[in-house]
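This report refers to the structure that appears directly beneath it.
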2 protein chains.
Amino acid sequence: MMGLRFDDKGLIPAVIQDEVSGDVLTLCYMNEEALRKTIDTGKVHVWRRSKGKLMMKGETSGCVQFVKKVLVDCENNSLLVKVDQVGVACHTGEETCYYRELKKGRIS
Amino acid sequence: MMGLRFDDKGLIPAVIQDEVSGDVLTLCYMNEEALRKTIDTGKVHVWRRSKGKLMMKGETSGCVQFVKKVLVDCENNSLLVKVDQVGVACHTGEETCYYRELKKGRIS
């Protein structure tokens with residue numbers, strides 16, 4: 001038993017990484033059901049906080065993320081999911097959600 | 001201005017990735033001050049939730065993370081920090097905090 005520590009909203013953050021390129025694609029949140037579905041189906045499922053519902057990544061876009069490996073951090077309170085990404089990860093059409101660089105003096 | 005969205009506790013999650021190996025090292029949290037110090041000093045600073053204080057990564061262990069690049073996600077609510085890691089990232093002595101794999105049936 002891994003004794004995962006979900007937060008006070010019942011969520012655990014999951015870093016999604018492209019297994020081949022090593023690119024960090026996005027950070028998402030899973031509740032226990034989303035994590036179970038992710039593991040059982042082999043496709044990333046997330047709790048969309050803005051919509052307040054469970055969704056499969058790529059459910060509408062077709063950009064499914066096939067799970068290759070799920071890792072747990074040393075404190076049992078975050079996950080790293082290595083995936084095979086169909087299409088692109090970001091809803092903007094970019095390959096990863098992290099496509100903008102933060103420069104000095106541009107924090108807020 | 002990036003219009004970063006800190007959460008209701010004033011924190012933003014930051015994925016820390018080794019710039020050379022591509023390994024995801026850890027997930028940490030920054031408040032605005034930690035982010036400013038990270039950018040101004042070029043060394044990762046975090047808000048340690050368990051201790052309730054701001055710390056420089058490696059402050060006690062010497063395992064400093066030198067910042068190479070700070071990226072913002074498409075929703076302005078998470079960061080990806082690419083670093084040059086001195087020593088190891090995890091307090092257990094492992095290179096990354098994600099050194100254990102989650103297998104089917106071992107969720108909770």
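Residue numbering restarts at 1 for every chain of the structure tokens, chains are lettered A, B, ... in their displayed order, and ligands are numbered from 1 as they appear.
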If the cut-off is 8 Å, can you tell me the residues of chain B near chain A, counting only C-alpha atoms? I'd like them as a PyMOL selection string. chain B and resi 1-4+15+22-24+26-27+32+35-36+39-40+69-74+78-80+90+92+97-104+106-108
Stretch 44-61 of chain B environment, 7 Å, only C-alpha atoms, sequence neighbours closer than 2 positions dropped, as a PDB file with N, CA, C and O atoms, in the first residue's frame:
ATOM      1  N   CYS B  28       7.261  21.385  -5.950  1.00  0.00           N
ATOM      2  CA  CYS B  28       7.297  22.206  -4.743  1.00  0.00           C
ATOM      3  C   CYS B  28       6.301  23.349  -4.889  1.00  0.00           C
ATOM      4  O   CYS B  28       5.619  23.469  -5.907  1.00  0.00           O
ATOM      5  N   TYR B  29       6.219  24.166  -3.861  1.00  0.00           N
ATOM      6  CA  TYR B  29       5.266  25.272  -3.854  1.00  0.00           C
ATOM      7  C   TYR B  29       6.003  26.567  -3.547  1.00  0.00           C
ATOM      8  O   TYR B  29       6.906  26.597  -2.706  1.00  0.00           O
ATOM      9  N   MET B  30       5.626  27.604  -4.248  1.00  0.00           N
ATOM     10  CA  MET B  30       6.239  28.911  -4.026  1.00  0.00           C
ATOM     11  C   MET B  30       5.150  29.927  -3.703  1.00  0.00           C
ATOM     12  O   MET B  30       4.083  29.906  -4.310  1.00  0.00           O
ATOM     13  N   ASN B  31       5.456  30.815  -2.758  1.00  0.00           N
ATOM     14  CA  ASN B  31       4.624  32.007  -2.646  1.00  0.00           C
ATOM     15  C   ASN B  31       5.330  33.099  -3.462  1.00  0.00           C
ATOM     16  O   ASN B  31       6.368  32.844  -4.093  1.00  0.00           O
ATOM     17  N   ALA B  34       8.984  33.585  -2.480  1.00  0.00           N
ATOM     18  CA  ALA B  34       9.862  32.478  -2.886  1.00  0.00           C
ATOM     19  C   ALA B  34      10.163  32.561  -4.379  1.00  0.00           C
ATOM     20  O   ALA B  34      11.298  32.342  -4.813  1.00  0.00           O
ATOM     21  N   LEU B  35       9.153  32.915  -5.155  1.00  0.00           N
ATOM     22  CA  LEU B  35       9.365  33.028  -6.598  1.00  0.00           C
ATOM     23  C   LEU B  35      10.309  34.186  -6.920  1.00  0.00           C
ATOM     24  O   LEU B  35      11.220  34.056  -7.749  1.00  0.00           O
ATOM     25  N   LYS B  37      12.627  35.420  -4.987  1.00  0.00           N
ATOM     26  CA  LYS B  37      13.986  35.047  -4.583  1.00  0.00           C
ATOM     27  C   LYS B  37      14.584  34.035  -5.564  1.00  0.00           C
ATOM     28  O   LYS B  37      15.771  34.063  -5.854  1.00  0.00           O
ATOM     29  N   THR B  38      13.743  33.137  -6.041  1.00  0.00           N
ATOM     30  CA  THR B  38      14.195  32.150  -7.031  1.00  0.00           C
ATOM     31  C   THR B  38      14.731  32.851  -8.273  1.00  0.00           C
ATOM     32  O   THR B  38      15.800  32.522  -8.783  1.00  0.00           O
ATOM     33  N   GLY B  42      18.667  33.197  -8.636  1.00  0.00           N
ATOM     34  CA  GLY B  42      19.024  32.106  -9.550  1.00  0.00           C
ATOM     35  C   GLY B  42      19.105  30.752  -8.843  1.00  0.00           C
ATOM     36  O   GLY B  42      19.631  29.789  -9.391  1.00  0.00           O
ATOM     37  N   CYS B  63      22.417  20.700  -1.438  1.00  0.00           N
ATOM     38  CA  CYS B  63      21.948  20.291  -2.764  1.00  0.00           C
ATOM     39  C   CYS B  63      21.115  21.405  -3.405  1.00  0.00           C
ATOM     40  O   CYS B  63      19.888  21.291  -3.554  1.00  0.00           O
ATOM     41  N   VAL B  64      21.814  22.456  -3.771  1.00  0.00           N
ATOM     42  CA  VAL B  64      21.195  23.643  -4.361  1.00  0.00           C
ATOM     43  C   VAL B  64      20.711  23.346  -5.779  1.00  0.00           C
ATOM     44  O   VAL B  64      21.263  22.497  -6.471  1.00  0.00           O
ATOM     45  N   GLN B  65      19.637  24.041  -6.172  1.00  0.00           N
ATOM     46  CA  GLN B  65      19.132  23.928  -7.548  1.00  0.00           C
ATOM     47  C   GLN B  65      19.331  25.271  -8.248  1.00  0.00           C
ATOM     48  O   GLN B  65      18.654  26.247  -7.916  1.00  0.00           O
ATOM     49  N   PHE B  66      20.241  25.319  -9.202  1.00  0.00           N
ATOM     50  CA  PHE B  66      20.495  26.542  -9.956  1.00  0.00           C
ATOM     51  C   PHE B  66      19.498  26.655 -11.109  1.00  0.00           C
ATOM     52  O   PHE B  66      19.354  25.724 -11.902  1.00  0.00           O
ATOM     53  N   VAL B  67      18.852  27.791 -11.168  1.00  0.00           N
ATOM     54  CA  VAL B  67      17.766  27.990 -12.126  1.00  0.00           C
ATOM     55  C   VAL B  67      18.304  28.261 -13.532  1.00  0.00           C
ATOM     56  O   VAL B  67      19.132  29.147 -13.734  1.00  0.00           O
TER      57      VAL B  67
END
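Computed from the coordinates, the atom CA of B:Gly93 to atom CA of B:Lys68 distance equals 22.8 Å.
Taking atom CA of B:Val86 and atom CA of A:Lys82 as endpoints, the distance between them is 24.4 Å.
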Could you go through chain A and tell me which residues DSSP, when run on the backbone, assigns to alpha helix (DSSP H), listing them as a short mmCIF file (atom, residue, chain, number, x, y, z; two decimals) with C-alpha atoms, in the first residue's frame?
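The file below, selection_17.cif, is the result:
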data_model
loop_
_atom_site.label_atom_id
_atom_site.label_comp_id
_atom_site.auth_asym_id
_atom_site.auth_seq_id
_atom_site.Cartn_x
_atom_site.Cartn_y
_atom_site.Cartn_z
CA GLU A 32 -9.11 8.75 -6.14
CA GLU A 33 -11.59 7.86 -8.87
CA ALA A 34 -9.57 9.65 -11.56
CA LEU A 35 -6.44 7.84 -10.43
CA ARG A 36 -8.21 4.47 -10.45
CA LYS A 37 -9.54 5.10 -13.94
CA THR A 38 -6.11 6.25 -15.08
CA ILE A 39 -4.57 3.01 -13.87
CA ASP A 40 -7.41 0.71 -14.91
CA THR A 41 -7.85 2.09 -18.43
#
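Our summary of the geometry notes that atom CA of B:Lys43 is positioned 22.6 Å from atom CA of B:Asp7.
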